[in-house]
file model-v7.tsv (TSV, C-alpha atoms)
chain	number	residue	atom	x	y	z
A	1	MET	CA	50.11	-0.97	109.57
A	2	ALA	CA	52.17	-4.03	108.93
A	3	ASP	CA	53.84	-5.70	111.80
A	4	ARG	CA	57.64	-5.78	111.82
A	5	ILE	CA	59.23	-9.14	111.98
A	6	HIS	CA	62.37	-9.35	113.99
A	7	PRO	CA	64.95	-11.94	113.19
A	8	ASP	CA	65.00	-13.24	116.69
A	9	ASP	CA	61.23	-13.41	116.86
A	10	PRO	CA	60.32	-17.05	117.56
A	11	GLU	CA	56.87	-16.47	116.25
A	12	ALA	CA	58.06	-15.32	112.84
A	13	PRO	CA	56.89	-17.57	110.01
A	14	PRO	CA	59.54	-19.47	108.16
A	15	SER	CA	61.10	-17.63	105.25
A	16	THR	CA	59.86	-18.55	101.79
A	17	THR	CA	63.26	-17.79	100.19
A	18	ALA	CA	64.85	-21.02	98.89
A	19	SER	CA	68.22	-21.71	100.39
A	20	PRO	CA	71.01	-22.53	97.91
A	21	SER	CA	71.42	-26.19	97.27
A	22	ALA	CA	74.59	-27.94	98.41
A	23	PRO	CA	77.39	-27.88	95.86
A	24	LEU	CA	77.54	-30.99	93.66
A	25	VAL	CA	81.30	-30.73	93.20
A	26	PRO	CA	83.46	-31.37	96.24
A	27	PRO	CA	85.56	-28.51	97.51
A	28	GLY	CA	88.88	-28.08	95.74
A	29	HIS	CA	87.53	-29.29	92.37
A	30	VAL	CA	86.48	-27.15	89.46
A	31	LYS	CA	83.55	-28.09	87.36
A	32	SER	CA	83.31	-27.03	83.78
A	33	ASP	CA	81.00	-28.10	81.02
A	34	GLN	CA	83.46	-26.75	78.39
A	35	PRO	CA	86.26	-28.96	77.09
A	36	ASP	CA	89.72	-28.19	78.40
A	37	HIS	CA	91.09	-26.47	75.29
A	38	HIS	CA	94.30	-25.55	77.07
A	39	HIS	CA	95.02	-29.17	77.93
A	40	HIS	CA	94.35	-30.37	74.37
A	41	ASP	CA	96.36	-27.54	72.84
A	42	HIS	CA	99.29	-28.33	75.14
A	43	HIS	CA	99.11	-32.03	74.23
A	44	ARG	CA	98.94	-31.19	70.51
A	45	ALA	CA	101.95	-28.86	70.77
A	46	HIS	CA	103.93	-31.48	72.67
A	47	THR	CA	103.13	-34.12	70.02
A	48	SER	CA	104.09	-31.72	67.22
A	49	THR	CA	107.42	-30.94	68.91
A	50	ARG	CA	108.22	-34.63	69.23
A	51	ALA	CA	107.29	-35.15	65.57
A	52	ARG	CA	109.67	-32.38	64.56
A	53	LYS	CA	112.53	-33.64	66.73
A	54	LYS	CA	112.37	-37.24	65.54
A	55	PRO	CA	113.37	-36.71	61.85
A	56	ARG	CA	116.10	-34.28	62.87
A	57	SER	CA	117.63	-36.78	65.27
A	58	CYS	CA	117.48	-39.50	62.59
A	59	CYS	CA	119.29	-37.22	60.10
A	60	CYS	CA	121.97	-36.47	62.70
A	61	ARG	CA	122.46	-40.19	63.30
A	62	VAL	CA	122.76	-40.95	59.58
A	63	PHE	CA	125.24	-38.08	59.13
A	64	CYS	CA	127.37	-39.26	62.05
A	65	TRP	CA	127.39	-42.84	60.76
A	66	THR	CA	128.38	-41.66	57.26
A	67	ILE	CA	131.26	-39.55	58.60
A	68	SER	CA	132.42	-42.44	60.79
A	69	ILE	CA	132.42	-44.87	57.84
A	70	ILE	CA	134.38	-42.41	55.66
A	71	ILE	CA	136.98	-41.92	58.39
A	72	ILE	CA	137.31	-45.68	58.88
A	73	LEU	CA	137.79	-46.18	55.12
A	74	ILE	CA	140.45	-43.45	54.94
A	75	VAL	CA	142.34	-44.95	57.86
A	76	ALA	CA	142.08	-48.44	56.34
A	77	ILE	CA	143.39	-47.21	52.96
A	78	ALA	CA	146.27	-45.36	54.64
A	79	ILE	CA	147.23	-48.45	56.65
A	80	THR	CA	147.04	-50.65	53.53
A	81	ALA	CA	149.17	-48.21	51.53
A	82	GLY	CA	151.73	-48.09	54.32
A	83	ILE	CA	151.93	-51.88	54.50
A	84	LEU	CA	152.29	-52.16	50.70
A	85	TYR	CA	155.03	-49.51	50.74
A	86	LEU	CA	156.96	-51.40	53.42
A	87	ILE	CA	156.58	-54.67	51.50
A	88	PHE	CA	157.37	-53.49	47.96
A	89	ARG	CA	159.62	-50.44	48.63
A	90	PRO	CA	158.66	-48.67	45.34
A	91	LYS	CA	161.29	-46.59	43.51
A	92	LEU	CA	160.85	-44.16	40.65
A	93	PRO	CA	162.09	-45.31	37.23
A	94	ASP	CA	165.12	-43.60	35.72
A	95	TYR	CA	165.52	-42.26	32.18
A	96	SER	CA	168.51	-40.99	30.23
A	97	ILE	CA	169.30	-39.86	26.67
A	98	ASP	CA	172.41	-41.66	25.50
A	99	SER	CA	172.75	-40.35	21.96
A	100	LEU	CA	171.03	-38.15	19.40
A	101	ARG	CA	171.35	-38.39	15.64
A	102	VAL	CA	169.95	-35.73	13.30
A	103	THR	CA	168.82	-37.54	10.17
A	104	GLU	CA	167.26	-34.45	8.60
A	105	LEU	CA	167.37	-30.71	9.24
A	106	ALA	CA	166.70	-28.77	6.05
A	107	LEU	CA	164.77	-25.88	4.56
A	108	ASN	CA	162.14	-26.75	2.00
A	109	PRO	CA	161.32	-24.64	-1.10
A	110	ASP	CA	158.27	-23.24	0.75
A	111	ALA	CA	160.55	-22.02	3.60
A	112	THR	CA	159.30	-24.67	6.04
A	113	LEU	CA	161.78	-26.63	8.14
A	114	SER	CA	161.87	-30.44	8.11
A	115	ALA	CA	163.52	-32.08	11.11
A	116	SER	CA	164.05	-35.75	11.94
A	117	PHE	CA	165.88	-37.02	15.03
A	118	THR	CA	166.72	-40.51	16.28
A	119	LEU	CA	167.04	-40.68	20.05
A	120	ASN	CA	168.72	-43.47	21.93
A	121	VAL	CA	166.83	-43.62	25.27
A	122	THR	CA	167.53	-45.83	28.29
A	123	ALA	CA	164.64	-46.63	30.70
A	124	GLU	CA	165.54	-48.33	33.97
A	125	ASN	CA	163.12	-49.98	36.38
A	126	PRO	CA	164.98	-50.41	39.70
A	127	ASN	CA	162.10	-52.13	41.56
A	128	THR	CA	162.39	-55.75	42.65
A	129	LYS	CA	158.63	-56.45	42.83
A	130	ILE	CA	157.06	-53.85	40.53
A	131	GLY	CA	156.64	-54.09	36.74
A	132	ILE	CA	155.63	-51.33	34.31
A	133	TYR	CA	153.30	-51.63	31.32
A	134	TYR	CA	154.08	-48.89	28.79
A	135	LEU	CA	150.82	-48.29	26.90
A	136	ARG	CA	150.03	-46.91	23.47
A	137	GLY	CA	149.35	-43.19	23.15
A	138	SER	CA	152.68	-41.81	24.41
A	139	ARG	CA	154.12	-38.60	22.99
A	140	LEU	CA	157.73	-37.44	22.87
A	141	SER	CA	158.83	-34.10	21.44
A	142	ALA	CA	162.18	-32.36	20.94
A	143	TRP	CA	162.33	-28.59	21.45
A	144	TYR	CA	164.72	-25.77	20.78
A	145	GLU	CA	163.81	-22.97	23.20
A	146	ASP	CA	160.04	-22.47	22.65
A	147	THR	CA	159.89	-24.22	19.25
A	148	GLU	CA	158.94	-27.87	18.82
A	149	LEU	CA	161.25	-29.35	16.21
A	150	CYS	CA	159.86	-32.88	15.95
A	151	ASN	CA	157.84	-35.50	17.82
A	152	GLY	CA	157.32	-39.25	18.09
A	153	SER	CA	156.20	-41.99	20.49
A	154	LEU	CA	157.51	-44.89	22.55
A	155	PRO	CA	156.64	-48.46	21.63
A	156	ALA	CA	154.16	-50.32	23.85
A	157	PHE	CA	155.93	-52.95	25.98
A	158	TYR	CA	156.19	-54.47	29.47
A	159	GLN	CA	159.26	-53.74	31.59
A	160	GLY	CA	159.90	-56.32	34.28
A	161	HIS	CA	161.58	-56.14	37.68
A	162	GLU	CA	165.06	-54.61	37.81
A	163	ASN	CA	165.05	-54.29	34.05
A	164	THR	CA	166.93	-51.84	31.82
A	165	THR	CA	165.51	-51.23	28.33
A	166	VAL	CA	167.29	-49.32	25.56
A	167	MET	CA	165.13	-47.89	22.77
A	168	ASP	CA	165.69	-46.01	19.52
A	169	VAL	CA	162.92	-43.44	19.16
A	170	VAL	CA	162.38	-41.81	15.76
A	171	MET	CA	160.86	-38.32	15.75
A	172	SER	CA	160.00	-36.06	12.83
A	173	GLY	CA	158.30	-32.72	12.22
A	174	ARG	CA	157.69	-29.93	9.72
A	175	HIS	CA	157.30	-26.28	10.71
A	176	VAL	CA	156.64	-22.89	9.18
A	177	ASN	CA	159.13	-20.04	9.65
A	178	GLY	CA	161.94	-22.49	8.97
A	179	THR	CA	164.39	-19.75	7.98
A	180	ARG	CA	164.00	-17.96	11.31
A	181	ILE	CA	164.33	-21.16	13.36
A	182	LEU	CA	167.41	-22.37	11.53
A	183	SER	CA	169.16	-19.00	11.75
A	184	ARG	CA	168.57	-18.85	15.53
A	185	VAL	CA	170.07	-22.33	15.96
A	186	GLN	CA	173.15	-21.41	13.90
A	187	GLU	CA	173.67	-18.13	15.78
A	188	ARG	CA	173.53	-19.94	19.13
A	189	GLU	CA	175.93	-22.64	17.95
A	190	GLN	CA	178.46	-20.07	16.74
A	191	ALA	CA	178.20	-17.95	19.89
A	192	SER	CA	178.49	-20.69	22.55
A	193	GLY	CA	179.73	-23.78	20.71
A	194	SER	CA	176.66	-25.78	21.78
A	195	VAL	CA	172.91	-25.95	21.21
A	196	PRO	CA	170.43	-26.38	24.11
A	197	LEU	CA	167.62	-28.83	23.45
A	198	SER	CA	164.88	-30.28	25.59
A	199	LEU	CA	162.83	-33.44	25.46
A	200	ARG	CA	159.27	-33.71	26.76
A	201	ALA	CA	157.58	-37.06	27.22
A	202	ASN	CA	154.08	-37.98	28.37
A	203	VAL	CA	153.73	-41.74	28.64
A	204	PRO	CA	150.60	-43.63	29.81
A	205	VAL	CA	151.47	-46.64	31.96
A	206	ARG	CA	149.98	-49.22	34.29
A	207	ILE	CA	151.89	-50.45	37.31
A	208	LYS	CA	151.97	-54.16	38.11
A	209	TRP	CA	152.32	-54.34	41.89
A	210	GLY	CA	152.92	-58.00	42.70
A	211	SER	CA	150.01	-59.74	40.92
A	212	LEU	CA	147.83	-56.62	41.05
A	213	LYS	CA	147.46	-54.22	38.11
A	214	LEU	CA	146.84	-50.67	39.29
A	215	MET	CA	144.86	-47.98	37.49
A	216	LYS	CA	146.17	-46.16	34.44
A	217	MET	CA	148.71	-43.42	35.22
A	218	LYS	CA	150.94	-41.10	33.24
A	219	PHE	CA	154.70	-40.64	33.44
A	220	ARG	CA	155.81	-37.11	32.70
A	221	VAL	CA	159.49	-36.79	31.83
A	222	ARG	CA	161.37	-33.54	31.16
A	223	CYS	CA	164.99	-33.68	29.96
A	224	LYS	CA	167.38	-30.84	29.17
A	225	PHE	CA	170.60	-31.47	27.31
A	226	GLN	CA	173.30	-29.70	25.35
A	227	VAL	CA	174.67	-30.92	22.01
A	228	ASP	CA	177.84	-29.74	20.32
A	229	ALA	CA	176.08	-28.95	17.03
A	230	LEU	CA	172.83	-29.43	15.17
A	231	THR	CA	173.83	-30.70	11.75
A	232	ALA	CA	172.06	-33.18	9.51
A	233	ASN	CA	173.41	-36.72	9.06
A	234	THR	CA	175.62	-36.35	12.12
A	235	ALA	CA	175.78	-38.24	15.40
A	236	LEU	CA	175.78	-35.39	17.87
A	237	ARG	CA	177.77	-35.40	21.05
A	238	ILE	CA	175.71	-34.72	24.19
A	239	THR	CA	177.80	-32.56	26.50
A	240	SER	CA	175.35	-32.49	29.44
A	241	SER	CA	171.89	-33.79	30.29
A	242	SER	CA	169.46	-33.93	33.19
A	243	CYS	CA	165.96	-35.41	33.51
A	244	ASN	CA	163.19	-35.09	36.04
A	245	PHE	CA	160.24	-37.37	36.46
A	246	ARG	CA	156.67	-36.88	37.70
A	247	LEU	CA	153.78	-39.28	38.10
A	248	LYS	CA	150.29	-38.03	37.23
A	249	LEU	CA	147.13	-39.94	38.06

call {"tool": "encode", "arguments": {"input": "model-v7.tsv", "output": "structure tokens"}}
result
Amino acid sequence: MADRIHPDDPEAPPSTTASPSAPLVPPGHVKSDQPDHHHHDHHRAHTSTRARKKPRSCCCRVFCWTISIIIILIVAIAITAGILYLIFRPKLPDYSIDSLRVTELALNPDATLSASFTLNVTAENPNTKIGIYYLRGSRLSAWYEDTELCNGSLPAFYQGHENTTVMDVVMSGRHVNGTRILSRVQEREQASGSVPLSLRANVPVRIKWGSLKLMKMKFRVRCKFQVDALTANTALRITSSSCNFRLKL
């Protein structure tokens, strides 16, 4: 029968069980043979976030600079325009129709209507420091109600400061349905004792502002006037007239 060994027996032989070796890693530290994937993943994500943020911030900076430059340019142009306005005090030119002569208004054998007018037009430039270049390519037309009777053009010329220019403008035209047009004119003349006409003008110009030539613009003139009759080879009397003016870039 085997003898029992008591733990407190001083005669007991030493135990053959190997005691655990002392830890090689100091307390409070964790040892791992595997790479710290979490640390590397976190670093990679942080780097990727910075890479994404950098181009976006650059785009924002470029956009802000562009907007700032545009605003500065607009303000500079507005200030310059205001200064030029105060210096030159620009005024719109003035136009008037002084006389109208009908050199031809007749029915042709094919029932078309031939019309030729000579207009005496006054153009006034009231500006003291602004000149006007009247360019080629202008168009003037005379109308009765919604029918264009004839058309022509202004001569090309330069109008200086505070200058008044008087021009004779010849216009001519040929239209179908001449019988109907002429009968409407005669009926209106007999009923009211006058004939309403209108003049439309589109004139390309360049403004000389001091020594500076500005870009090409277009004067748009609309005149309405009443004449006592519409008879060929007669200097008609204009009973009333009014013109308005617009500038188109």

call {"tool": "residues_around", "arguments": {"input": "model-v7.tsv", "residues": "region 172-182 of chain A", "least_positions_apart": "4", "cutoff": "7 Å", "atoms": "all atoms listed in the file", "output": "number ranges by chain"}}
result
A: 107, 111-117, 149-152, 186

call {"tool": "atom_distance", "arguments": {"input": "model-v7.tsv", "atom1": "CA of Arg222 (chain A)", "atom2": "CA of Pro204 (chain A)"}}
result
14.8 Å

call {"tool": "residues_around", "arguments": {"input": "model-v7.tsv", "residues": "region 154-170 of chain A", "least_positions_apart": "6", "cutoff": "8 Å", "atoms": "only C-alpha atoms", "output": "ChimeraX atom specification"}}
result
/A:116-136,138-140,203

call {"tool": "residues_near_point", "arguments": {"input": "model-v7.tsv", "point": "(165.9, -32.7, 28.1)", "cutoff": "7 Å", "atoms": "all atoms listed in the file", "output": "list in words"}}
result
Leu197, Ser198, Leu199, Arg200, Arg222, Cys223, Lys224, Phe225, Ser241, Ser242 and Cys243 of chain A

call {"tool": "residues_near_point", "arguments": {"input": "model-v7.tsv", "point": "(168.9, -22.6, 16.3)", "cutoff": "12 Å", "atoms": "all atoms listed in the file", "output": "ChimeraX atom specification"}}
result
/A:105,113,143-149,178-197,227,229-231
